[in-house]
Every structure is written in structure tokens, then in C-alpha cells.
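Undergrad: Contents are compact mmCIF, C-alpha atoms; file name structure-v3.txt:
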```
# COMPACT_ATOMS: atom_id res chain seq x y z
CA MET N 181 74.22 110.75 118.82
CA GLN N 182 75.58 114.27 118.89
CA PHE N 183 72.86 115.25 116.39
CA ILE N 184 70.10 113.75 118.55
CA ARG N 185 71.36 115.68 121.61
CA LYS N 186 71.44 118.88 119.56
CA GLU N 187 67.90 118.19 118.26
CA CYS N 188 66.64 117.58 121.82
CA ALA N 189 68.27 120.77 123.02
CA MET N 190 66.63 122.75 120.21
CA ARG N 191 63.25 121.26 121.01
CA ARG N 192 63.75 122.09 124.69
CA ASP N 193 64.64 125.69 123.76
CA HIS N 194 61.52 125.96 121.59
CA LEU N 195 59.41 124.59 124.41
CA LEU N 196 60.90 127.06 126.86
CA GLN N 197 60.25 129.92 124.42
CA LEU N 198 56.66 128.78 124.02
CA LEU N 199 56.19 128.58 127.79
CA MET N 200 57.53 132.12 128.10
CA VAL N 201 55.22 133.45 125.39
CA LEU N 202 52.09 131.51 126.46
CA PRO N 203 51.14 133.69 129.43
CA VAL N 204 51.33 136.73 127.16
CA LEU N 205 49.16 135.04 124.52
CA LEU N 206 46.54 134.14 127.12
CA PHE N 207 46.01 137.80 127.95
CA ILE N 208 45.75 139.06 124.40
CA PRO N 209 42.05 139.58 123.69
CA LEU N 210 40.56 137.52 120.90
CA PRO N 211 38.67 139.28 118.11
CA GLY N 212 35.42 140.51 119.62
CA GLN N 213 36.66 139.96 123.13
CA SER N 214 36.93 143.23 124.96
CA GLN N 215 39.53 144.04 127.57
CA SER N 216 36.74 145.87 129.36
CA ARG N 217 36.05 142.90 131.59
CA SER N 218 39.25 143.59 133.46
CA LYS N 219 37.81 146.99 134.35
CA LEU N 220 34.90 145.37 136.19
CA GLU N 221 36.64 142.38 137.70
CA GLY N 222 37.35 142.41 141.39
CA MET N 223 35.60 143.14 144.64
CA TRP N 224 32.92 145.77 145.04
CA SER N 225 30.96 146.55 148.15
CA ASP N 226 28.37 148.76 149.81
CA PRO N 227 28.11 152.18 148.17
CA PRO N 228 30.08 155.21 149.30
CA ALA N 229 28.75 157.14 152.29
CA SER N 230 27.20 159.73 150.01
CA ILE N 231 23.71 161.01 149.33
CA VAL N 232 23.23 158.92 146.19
CA GLY N 233 25.09 155.94 147.67
CA SER N 234 22.81 155.92 150.67
CA PHE N 235 19.61 156.45 148.70
CA CYS N 236 20.54 153.65 146.29
CA SER N 237 22.02 151.29 148.89
CA PHE N 238 19.57 148.61 147.75
CA SER N 239 18.46 150.24 144.52
CA CYS N 240 16.68 153.37 143.37
CA THR N 241 14.93 154.92 140.39
CA ASP N 242 15.58 158.11 138.46
CA ALA N 243 12.19 159.31 139.70
CA GLY N 244 13.27 158.78 143.31
CA ILE N 245 16.63 160.50 142.83
CA GLU N 246 14.97 163.48 141.12
CA ARG N 247 12.54 163.76 144.01
CA LEU N 248 15.37 163.59 146.55
CA ASN N 249 17.36 166.24 144.66
CA ALA N 250 14.33 168.53 144.57
CA LEU N 251 13.91 168.17 148.32
CA LEU N 252 17.61 168.76 149.00
CA ASP N 253 17.76 171.78 146.72
CA ASN N 254 14.85 173.49 148.44
CA PRO N 255 16.24 175.82 151.15
CA ALA N 256 13.02 175.34 153.10
CA ASN N 257 14.21 171.79 153.85
CA ASP N 258 17.67 172.73 155.13
CA ALA N 259 16.67 172.25 158.75
CA ARG N 260 15.12 168.84 158.14
CA PRO N 261 17.33 165.78 158.73
CA TYR N 262 18.56 163.98 155.63
CA GLU N 263 16.85 160.76 156.71
CA GLU N 264 13.48 162.48 156.77
CA LEU N 265 13.97 163.76 153.21
CA ALA N 266 15.25 160.37 152.01
CA ALA N 267 12.21 158.67 153.55
CA GLU N 268 9.92 161.12 151.74
CA ALA N 269 11.67 160.48 148.43
CA LYS N 270 11.50 156.70 148.98
CA LYS N 271 7.77 156.98 149.66
CA TYR N 272 7.36 158.88 146.40
CA GLU N 273 9.45 156.24 144.63
CA ARG N 274 7.26 153.43 145.96
CA GLU N 275 4.16 155.15 144.65
CA TYR N 276 5.88 155.69 141.30
CA LEU N 277 6.62 151.96 141.13
CA ARG N 278 3.13 151.08 142.32
CA SER N 279 1.76 152.90 139.27
CA ARG N 280 3.74 150.52 137.05
CA LEU N 281 2.27 147.33 138.53
CA THR N 282 -0.57 145.35 137.04
CA GLY N 283 -3.79 144.73 138.93
CA THR N 284 -2.61 141.18 139.67
CA ALA N 285 0.66 142.40 141.19
CA LEU N 286 -1.10 145.13 143.17
CA ARG N 287 -3.15 142.54 145.01
CA THR N 288 -0.04 141.54 147.00
CA PHE N 289 2.05 144.72 146.76
CA PRO N 290 3.95 145.55 148.86
CA LEU N 291 4.46 142.16 150.45
CA ASP N 292 4.35 142.06 154.22
CA PRO N 293 8.02 141.86 155.33
CA ALA N 294 6.92 139.20 157.81
CA ASP N 295 5.85 136.97 154.89
CA ASP N 296 9.29 137.03 153.27
CA PRO N 297 10.63 133.44 152.93
CA GLY N 298 14.14 134.86 153.34
CA PHE N 299 13.08 136.02 156.77
CA LEU N 300 10.76 133.17 157.74
CA ARG N 301 12.85 130.24 156.53
CA CYS N 302 16.27 131.68 155.66
CA GLU N 303 15.43 130.90 152.02
CA PRO N 304 18.04 132.47 149.70
CA TRP N 305 16.80 135.12 147.29
CA GLY N 306 16.06 134.75 143.62
CA VAL N 307 17.97 136.79 141.06
CA ALA N 308 15.45 139.68 141.04
CA ARG N 309 16.54 140.58 144.57
CA GLN N 310 20.01 139.09 144.65
CA MET N 311 21.26 141.33 141.81
CA ILE N 312 20.60 144.40 143.98
CA ALA N 313 21.65 142.80 147.27
CA PRO N 314 23.65 144.93 149.67
CA HIS N 315 27.24 144.21 150.71
CA GLN N 316 29.97 142.69 148.57
CA PHE N 317 29.65 141.94 144.89
CA GLU N 318 32.59 140.14 143.32
CA ILE N 319 33.11 139.74 139.56
CA ARG N 320 35.59 137.08 138.44
CA GLN N 321 36.44 135.73 135.04
CA VAL N 322 36.27 131.95 134.76
CA GLY N 323 38.10 130.72 131.69
CA ARG N 324 37.71 132.77 128.52
CA ASP N 325 33.97 132.77 128.23
CA ARG N 326 32.34 133.03 131.61
CA LEU N 327 32.04 135.43 134.50
CA GLU N 328 31.16 134.43 138.02
CA PHE N 329 29.18 136.87 140.13
CA ARG N 330 29.44 136.28 143.85
CA TYR N 331 27.48 138.21 146.46
CA GLY N 332 28.24 138.76 150.15
CA GLU N 333 24.56 138.54 150.94
CA TRP N 334 23.70 134.83 151.13
CA ASP N 335 27.14 134.05 149.64
CA ALA N 336 25.16 133.56 146.41
CA ARG N 337 26.73 132.89 142.99
CA ARG N 338 25.68 133.32 139.40
CA THR N 339 27.35 132.32 136.15
CA ILE N 340 27.26 134.68 133.17
CA TYR N 341 27.98 133.00 129.83
CA LEU N 342 29.85 135.17 127.33
CA ASP N 343 30.46 132.59 124.61
CA GLY N 344 27.47 133.49 122.49
CA ARG N 345 25.60 130.30 123.29
CA LYS N 346 21.87 130.02 122.70
CA ARG N 347 19.45 130.11 125.56
CA PRO N 348 18.61 126.52 126.58
CA VAL N 349 15.24 125.20 125.49
CA ASN N 350 12.97 123.31 127.89
CA GLN N 351 15.22 124.00 130.86
CA PRO N 352 13.05 124.39 133.97
CA PRO N 353 13.12 127.87 135.51
CA SER N 354 15.49 128.35 138.42
CA ALA N 355 16.01 130.91 141.17
CA MET N 356 18.95 132.57 139.39
CA GLY N 357 17.72 131.95 135.83
CA HIS N 358 20.02 131.66 132.84
CA SER N 359 22.31 134.62 132.17
CA LEU N 360 23.95 135.46 128.86
CA GLY N 361 26.37 138.35 128.70
CA HIS N 362 28.13 140.48 126.12
CA TRP N 363 30.12 143.68 126.00
CA ASP N 364 28.99 146.97 124.53
CA GLY N 365 32.18 149.01 124.73
CA ASP N 366 32.98 149.25 128.41
CA THR N 367 29.50 148.18 129.48
CA LEU N 368 28.76 144.59 130.43
CA ILE N 369 25.23 143.63 129.44
CA VAL N 370 23.64 140.58 131.05
CA GLU N 371 20.31 139.21 129.85
CA THR N 372 18.58 136.76 132.17
CA SER N 373 15.46 134.66 131.71
CA GLY N 374 14.31 131.22 132.83
CA ILE N 375 13.69 132.68 136.27
CA ALA N 376 11.34 130.87 138.63
CA ALA N 377 8.46 132.95 140.05
CA ASN N 378 9.74 134.67 143.18
CA ILE N 379 10.09 138.09 144.79
CA ALA N 380 11.57 141.26 143.29
CA GLY N 381 12.97 144.12 145.35
CA LEU N 382 11.19 147.34 144.32
CA PRO N 383 13.39 149.16 145.09
CA ASP N 384 14.34 148.04 148.56
CA LEU N 385 14.06 145.27 151.07
CA ALA N 386 10.87 146.59 152.57
CA THR N 387 9.10 147.08 149.25
CA THR N 388 8.87 143.84 147.37
CA ALA N 389 6.51 142.40 144.76
CA ARG N 390 5.88 138.92 143.48
CA HIS N 391 7.03 138.32 139.90
CA SER N 392 6.14 135.53 137.48
CA ASP N 393 8.35 133.09 135.59
CA GLN N 394 8.00 135.33 132.54
CA LEU N 395 10.40 137.83 134.09
CA ARG N 396 13.24 138.95 131.84
CA ILE N 397 16.04 141.07 133.24
CA VAL N 398 18.66 143.15 131.45
CA GLU N 399 21.53 144.36 133.65
CA ARG N 400 24.05 146.94 132.45
CA TYR N 401 27.26 147.30 134.46
CA THR N 402 29.60 150.24 133.94
CA ARG N 403 32.60 151.40 135.93
CA SER N 404 32.74 155.13 136.61
CA LYS N 405 35.40 157.23 134.86
CA GLU N 406 37.14 157.72 138.21
CA GLY N 407 37.13 153.94 138.64
CA ASN N 408 35.92 153.94 142.21
CA THR N 409 32.28 153.00 141.64
CA LEU N 410 30.35 150.40 139.67
CA GLN N 411 26.95 151.40 138.38
CA LEU N 412 24.14 149.04 137.50
CA THR N 413 21.02 149.82 135.51
CA VAL N 414 18.44 147.04 135.59
CA THR N 415 15.45 146.75 133.29
CA MET N 416 12.79 144.23 134.29
CA GLU N 417 10.00 143.10 132.01
CA ASP N 418 7.28 140.77 133.23
CA PRO N 419 3.84 141.34 131.64
CA PRO N 420 1.88 139.66 134.48
CA THR N 421 3.61 141.96 136.99
CA PHE N 422 4.62 145.21 135.25
CA ARG N 423 2.45 147.35 132.99
CA GLU N 424 5.67 148.64 131.43
CA PRO N 425 9.38 147.91 131.94
CA VAL N 426 10.70 148.93 135.35
CA VAL N 427 14.18 150.44 135.56
CA LEU N 428 16.23 150.35 138.77
CA LYS N 429 19.69 151.78 139.48
CA LYS N 430 22.35 150.63 141.91
CA ILE N 431 25.88 151.59 142.86
CA TRP N 432 28.84 149.83 144.54
CA ARG N 433 32.23 151.17 145.60
CA TRP N 434 35.54 149.59 144.61
CA ALA N 435 36.57 147.55 147.66
CA PRO N 436 39.63 145.36 146.91
CA GLU N 437 40.29 145.08 150.63
CA SER N 438 36.93 143.49 151.33
CA LYS N 439 36.45 139.75 151.72
CA ILE N 440 33.27 137.73 151.56
CA THR N 441 33.00 135.94 154.87
CA PRO N 442 30.96 132.80 155.61
CA TYR N 443 27.20 133.20 155.65
CA GLU N 444 26.58 130.64 158.30
CA ASN N 445 24.35 132.00 160.98
CA CYS N 446 21.00 132.75 159.38
CA GLN N 447 18.36 131.98 161.99
CA ALA N 448 14.65 131.65 161.38
CA PRO N 449 12.83 134.11 163.63
CA THR N 450 11.23 132.93 166.83
CA GLU N 451 9.13 136.05 167.29
CA PHE N 452 7.76 138.64 164.87
CA LYS N 453 4.74 140.78 164.13
CA LYS N 454 2.89 140.88 160.85
CA GLY N 455 1.75 144.06 159.15
CA VAL N 456 4.53 146.34 160.43
CA ARG N 457 6.04 148.30 157.58
CA PRO N 458 9.07 150.58 157.80
CA MET I 120 13.34 158.86 170.75
CA PRO I 121 13.13 158.30 166.99
CA VAL I 122 15.73 156.01 165.50
CA LEU I 123 17.45 156.94 162.30
CA MET I 124 16.09 155.28 159.18
CA LEU I 125 19.48 155.01 157.50
CA SER I 126 20.92 152.89 160.24
CA ALA I 127 17.79 150.77 160.40
CA ALA I 128 17.84 150.14 156.66
CA ALA I 129 21.52 149.34 156.59
CA ALA I 130 21.33 147.27 159.72
CA SER I 131 19.21 144.42 158.57
CA SER I 132 20.01 143.26 155.10
CA HIS I 133 18.74 139.74 154.49
CA HIS I 134 15.35 140.62 155.91
CA ALA I 135 13.38 143.69 156.90
CA PHE I 136 13.91 145.05 160.39
CA SER I 137 10.29 145.93 161.12
CA PRO I 138 8.65 142.53 161.83
CA VAL I 139 10.85 141.90 164.87
CA TYR I 140 12.00 145.24 166.27
CA ASP I 141 10.26 148.48 167.14
CA GLU I 142 12.38 151.14 165.45
CA LYS I 143 10.55 153.95 167.24
CA ARG I 144 11.72 152.92 170.71
CA LEU I 145 15.05 152.35 172.42
CA ILE I 146 15.90 150.43 175.57
CA THR I 147 19.11 150.16 177.58
CA VAL I 148 20.38 147.36 179.78
CA VAL I 149 23.53 146.94 181.86
CA GLY I 150 25.12 143.52 182.16
CA VAL I 151 28.02 141.18 181.64
CA VAL I 152 28.80 139.77 178.19
CA THR I 153 28.77 135.98 178.02
CA GLU I 154 29.46 135.66 174.28
CA PHE I 155 30.01 137.81 171.18
CA ARG I 156 29.68 136.10 167.80
CA PHE I 157 31.08 138.04 164.83
CA VAL I 158 29.12 136.22 162.11
CA ASN I 159 26.89 136.75 159.06
CA PRO I 160 24.22 137.71 158.37
CA HIS I 161 23.99 139.24 161.85
CA ALA I 162 26.52 139.37 164.67
CA MET I 163 25.11 138.34 168.03
CA MET I 164 25.92 139.12 171.64
CA PHE I 165 24.57 137.51 174.79
CA VAL I 166 24.47 139.47 178.02
CA ASN I 167 23.57 138.44 181.57
CA VAL I 168 21.58 141.20 183.27
CA THR I 169 21.18 141.00 187.04
CA ASP I 170 18.27 142.82 188.67
CA ASP I 171 18.13 144.33 192.19
CA ALA I 172 16.89 141.04 193.61
CA GLY I 173 19.88 139.20 192.16
CA LYS I 174 17.88 137.46 189.44
CA VAL I 175 19.88 136.96 186.24
CA THR I 176 18.18 137.38 182.86
CA LYS I 177 19.86 136.47 179.61
CA TRP I 178 19.56 139.14 176.89
CA THR I 179 20.23 138.64 173.20
CA VAL I 180 21.59 141.56 171.19
CA GLU I 181 21.37 141.29 167.41
CA PHE I 182 23.71 143.35 165.25
CA ALA I 183 24.17 144.15 161.60
CA GLY I 184 26.41 141.76 159.65
CA ARG I 185 30.18 141.64 159.88
CA LEU I 186 30.73 144.00 156.96
CA ASN I 187 28.67 146.81 158.49
CA LEU I 188 30.52 146.49 161.80
CA SER I 189 33.99 146.04 160.34
CA GLU I 190 33.54 149.28 158.36
CA VAL I 191 33.85 151.12 161.65
CA GLY I 192 36.58 148.95 163.12
CA TRP I 193 34.76 146.10 164.83
CA THR I 194 36.47 142.71 165.01
CA ALA I 195 35.65 139.38 166.63
CA ASP I 196 37.54 140.64 169.69
CA SER I 197 35.77 143.97 170.03
CA VAL I 198 33.68 142.66 172.91
CA LYS I 199 34.94 139.94 175.24
CA ALA I 200 33.11 137.53 177.52
CA GLY I 201 33.19 138.81 181.09
CA GLU I 202 33.15 142.47 180.05
CA ARG I 203 30.63 144.70 181.82
CA ILE I 204 28.77 146.88 179.32
CA THR I 205 25.79 149.14 178.85
CA VAL I 206 23.98 148.36 175.63
CA THR I 207 21.19 150.29 173.91
CA GLY I 208 18.98 149.04 171.11
CA ASN I 209 15.52 148.70 169.63
CA PRO I 210 13.27 146.38 171.66
CA THR I 211 11.17 143.64 170.10
CA HIS I 212 7.47 144.18 169.50
CA THR I 213 6.76 141.40 171.97
CA GLY I 214 8.86 142.87 174.79
CA SER I 215 11.17 139.85 174.99
CA GLN I 216 14.75 140.01 176.27
CA ARG I 217 16.14 140.87 172.91
CA MET I 218 17.18 144.07 171.13
CA PHE I 219 18.69 145.35 167.91
CA PHE I 220 22.03 147.00 168.57
CA ARG I 221 22.44 150.78 168.50
CA LYS I 222 25.17 151.62 171.02
CA LEU I 223 27.50 149.94 173.49
CA VAL I 224 29.34 151.72 176.31
CA ARG I 225 32.24 149.99 178.04
CA ALA I 226 32.97 150.29 181.76
CA ASP I 227 35.59 152.98 180.99
CA GLY I 228 33.05 155.06 179.05
CA ALA I 229 34.31 154.18 175.56
CA GLU I 230 31.51 153.84 173.00
CA LEU I 231 31.09 151.36 170.19
CA LEU I 232 28.62 152.16 167.41
CA PRO I 233 27.43 150.55 164.18
CA ALA I 234 28.38 152.09 160.81
CA GLY I 235 25.14 154.03 160.35
CA PRO I 236 25.90 157.13 162.45
CA GLN I 237 29.30 157.62 160.79
CA ARG I 238 27.84 157.26 157.31
CA LEU I 239 25.10 159.70 158.20
CA LYS I 240 27.69 162.24 159.36
CA SER I 241 29.41 162.06 155.95
CA ILE I 242 26.10 162.48 154.16
CA GLU I 243 25.10 165.51 156.21
CA GLU I 244 28.48 167.10 155.44
CA GLU I 245 27.97 166.46 151.70
CA ARG I 246 24.55 168.03 152.03
CA ARG I 247 26.00 171.07 153.83
CA GLN I 248 28.55 171.57 151.06
CA ARG I 249 25.85 171.23 148.46
CA ALA I 250 23.72 173.87 150.17
CA LEU I 251 26.70 176.24 150.22
CA GLN I 252 27.06 175.89 146.45
CA ARG I 253 23.39 176.52 145.84
CA THR I 254 22.73 179.49 143.55
CA PRO I 255 21.22 182.29 145.62
CA GLN I 256 17.51 182.79 144.85
CA LYS I 257 16.52 186.24 143.55
```
Before anything else, please render the file you have as C-alpha cells.
TA:
Amino acid sequence: MQFIRKECAMRRDHLLQLLMVLPVLLFIPLPGQSQSRSKLEGMWSDPPASIVGSFCSFSCTDAGIERLNALLDNPANDARPYEELAAEAKKYEREYLRSRLTGTALRTFPLDPADDPGFLRCEPWGVARQMIAPHQFEIRQVGRDRLEFRYGEWDARRTIYLDGRKRPVNQPPSAMGHSLGHWDGDTLIVETSGIAANIAGLPDLATTARHSDQLRIVERYTRSKEGNTLQLTVTMEDPPTFREPVVLKKIWRWAPESKITPYENCQAPTEFKKGVRP
Amino acid sequence: MPVLMLSAAAASSHHAFSPVYDEKRLITVVGVVTEFRFVNPHAMMFVNVTDDAGKVTKWTVEFAGRLNLSEVGWTADSVKAGERITVTGNPTHTGSQRMFFRKLVRADGAELLPAGPQRLKSIEEERRQRALQRTPQK
């Protein structure tokens, strides 16, 4: 009897030791699993109130940034308001992107903002606009092998699979597509396909183009060395839409204090005018 | 009076601003707030405006979303029903009793603004610093 009690006590002690060690084990990365994810996890939000942050508040291109820098660095422009220079650089950027569109895409580019289903019917965006949506962007790990992306705009969510699974065959295309992720050092790379034909932001809300269900997107997320910003480089390939891959950039600021609040009051418009472009 | 592009772009996120509001014009009305809704994607305020003949017209004021407003200190209690205010915004293309918010002035003269003007101030300061560091041209 004494022996049984002693045995039970030993087992209890082993169990307690295991319970104490388990939380530590759970946070030790497995082979091939980077600790980098912890560097990206958390809440991000609208970019800093800076020149680049403002210009890339939806997204931007290197061509657009170079144009903006050239305008800002020219002393002849010192008396012109920043917004005027940014508008000029955005116009240049739109023309740059226009030159990358196929004849088919050009027939409807840029889409009339009044024809946007998000505006007309409060229809949530597809991934080609959601990934560069303004406002909060939250990255959370779900289990060992998935990330959940949540966006303040539309309170939309995406799942990124990190377990090395194959892309599903014969799965019908969807608004958010199917996203597979992996780490390259500190950079999270997300490859998405299986995306239903929809609208892409190029590079902002007012300049959008229709894309086909052949769209493939590669997103690269990197935290800045200072840690206070998250940078995204997006490459989109869609032969019916783009003559060559289109690359967009975006930036968020670290915003642990921010909370995604309910997206509950989208109202379809009762009055609007077609053909008015910003 | 031209309206700043930055604030217009940041103001309306889930859809473009241009189909509904005329960003090149501003209008101002004085009235009494009946409701302020601090919601996404756009906060809303309803204001009763009384004309000289005593006729009351209900105005709708559309704002940016909660995040944009909370960045500069707005809360659900920033504007209360019964408060007399002067509000300025972009009118609709159709001339209806609706506007997109640009500025609110309380009865005591205190102003409430969206985030755009403050962000723009920071950007212009960054630009000024950048110009100071520019290498002098020979």
C-alpha cells in the first residue's frame, strides 16, 4: 500500500514536471520553423504620417516613389503644396501602370468608382484589393502551421497555410483565394492563387482594374530594422490583365494599441454621379 | 476653396469619395445635433438646421471611419445630441442635404477636425527638414 502511494506520488511529480516544461517546449521552434513569425505577429495600422507613408497609404510603386522624390528634391517645387506634388506623382504612377495592362484590361481601366460593387452594394473586396486595404492589419498565429490575417477594412480574414501542403486541385476560385506561406529568413512569403475574377487596386482606391481568375499573387512581408513598420511587396501576375508582372509596395505602422472595431454600418449609396474621378 | 487630396483620400476608404461628394467645394451649416454614430466604415451625424422662416431641415454628415477620427482624439461622446454646432464639409453632386465632414465648430469656438490636416502638418514638416538637408546646387 505504501509502495502504491509512493508510486502515485512519483507519477504526480513527473506529471507536474511535464506540465511545467510543456509551455517551454511549445515555444521552441521545430526544425525549419522560424521564430521570425513572432516579429510580424500583432496589430499594424495605417502608415506613419510621413511622406512615404502618405504616398503609399493604399499602395505605391517604385516608379511613383521615384517620381515623388524627384519632385520633392527640385527646389523649384518648394512653394508647391505637398498634396499637389503627390497628386502629380500618383498621376505618373497610374500611367506607368496603364502601360503594363493588356488591351483587354485597358478597355475597362480605370474602372469608374461609381461602378465599384463595394460602393454600390457593400460587397466585400477580393484579395487583390483587401491585401492593400487601409486601416488595421492583424497577423496572428493559429496553431503551429497557420497564420490568420485580419483587416480593419471590411473586418475581412484570410488564412495562410504554413504546413507545406499542396495547393488543392479542382477547388473553385474564391474571393480570397488559397494562400500558402513560408519563411525566407525574416521575410514571410505568401503565394495565393485560386482567386475568383474581381477587382485589383492599382495602386489606390480610385484606380482599379478588373483581373481574371488566373491571377497569382506573391506577397512578401518584412518588419523594418527599427521594428516600427511592416513593409509589403506584392507581385501580381495575370496574363489576361498584365503584360508583365506588376509590383506594388505598402507600409503599415506598429499599432499594438489599435483594435479592430465592428464593421456594421456599410450603407449602399442613395445618390451618386458616374464618371467623376478624383 | 480647394480641398486637400490627402484628407479626401484618407477619408473614404471602402469606396471612392468622388461619386457622391464634390471635393472642389465646401458648404457650412449651423444646427443642432440629433445623433452622432461612431461606427465603421463611416461615422455619421444628423443635424437639424432651422432656416429664417423656422423650417427645420435634417442634414446628414458623413465622416471617415472610427480609426481615422480616433487618431485625433474623437470618441463616441465627442459630439452629443442637443449640441449646437457649425459644420463644414463637401456637398453632394446632387445638392442634397448631405455633406462629407471637414470641420466642426462648437458653440464655444472649439474646433474638431478629422486626422487629415494633422497628418499633412507632419508631412510638410518632414518635407521642410528634407529641403534643409538638400545639397546646395552649384
Undergrad: Kindly provide, as an MDAnalysis selection string, the residues of chain I having any atom no farther than 9 Å from an atom of chain N, counting all atoms listed in the file.
TA: chainID I and resid 123:125 128:129 132:140 142 158:162 185:187 211:213 215 237:243 245:247 249:250 253
Undergrad: Report, in Å to a single decimal, how far apart atom CA of Asn249 of chain N and atom CA of Gln252 of chain I are.
TA: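 Between these atoms lies a distance of 13.8 Å.
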Undergrad: If you measure from atom CA of Ile397 of chain N to atom CA of Arg278 of chain N, what distance in Å do you get, rounded to one decimal?
TA: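 Between atom CA of Ile397 of chain N and atom CA of Arg278 of chain N the gap is 18.7 Å.
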Undergrad: To one decimal place, how far is atom CA of Glu371 of chain N from atom CA of Ala269 of chain N in Å?
TA: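 Spanning atom CA of Glu371 of chain N to atom CA of Ala269 of chain N is a straight-line distance of 29.5 Å.
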Undergrad: Please determine, counting all atoms listed in the file, which residue among I:Val224, I:Ile204, I:Leu188, I:Ala183 has the shortest atom-to-atom distance to Val149 of chain I.
TA: I:Ile204
Undergrad: Given 8 Å on each side, where is the centre and what are the edge lengths in Å to one decimal of the axis-aligned box enclosing the listed atoms of segment 405-420 of chain N, as AutoDock Vina command-line options?
TA:
```
--center_x 19.5 --center_y 148.7 --center_z 136.9 --size_x 51.3 --size_y 34.1 --size_z 26.6
```
Undergrad: Taking only C-alpha atoms into account, name the residue in I:Pro210, I:Val198, I:Gly192, I:Phe182 that is nearest to Ala226 of chain I.
TA: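 Result for the nearest residue to Ala226 of chain I: I:Val198.
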Undergrad: Which of these residues is nearest to Gly184 of chain I, using only C-alpha atoms: I:Leu251, I:Glu154, I:Gly235, I:Met163?
TA: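 With only C-alpha atoms as the atom set, the closest residue is I:Met163.
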Undergrad: Report as a CSV table (one decimal) with C-alpha atoms, in the frame of the given file all protein, DNA and RNA residues lying within 10 Å of Val398 of chain N, evaluated on all atoms listed in the file, omitting residues in the same chain fewer than 5 positions from it.
TA:
```csv
chain,number,residue,atom,x,y,z
N,359,SER,CA,22.3,134.6,132.2
N,360,LEU,CA,24.0,135.5,128.9
N,361,GLY,CA,26.4,138.4,128.7
N,369,ILE,CA,25.2,143.6,129.4
N,370,VAL,CA,23.6,140.6,131.0
N,371,GLU,CA,20.3,139.2,129.8
N,372,THR,CA,18.6,136.8,132.2
N,373,SER,CA,15.5,134.7,131.7
N,413,THR,CA,21.0,149.8,135.5
N,414,VAL,CA,18.4,147.0,135.6
N,415,THR,CA,15.4,146.8,133.3
N,416,MET,CA,12.8,144.2,134.3
N,417,GLU,CA,10.0,143.1,132.0
N,427,VAL,CA,14.2,150.4,135.6
```
Undergrad: Measuring atom to atom with all atoms listed in the file, identify which of N:Asp393, N:Asp325, N:Asp343, N:Glu318 is nearest to Pro420 of chain N.
TA: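 Checking each candidate against Pro420 of chain N, we get N:Asp393 as the closest.
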Undergrad: Please work out which residues fall within 8 Å of (5.4, 144.1, 143.9), coordinates as given in the file, with all atoms listed in the file counting, and return them as a PyMOL selection string.
TA: chain N and resi 278+281+285-286+288-291+379-382+387-391+421
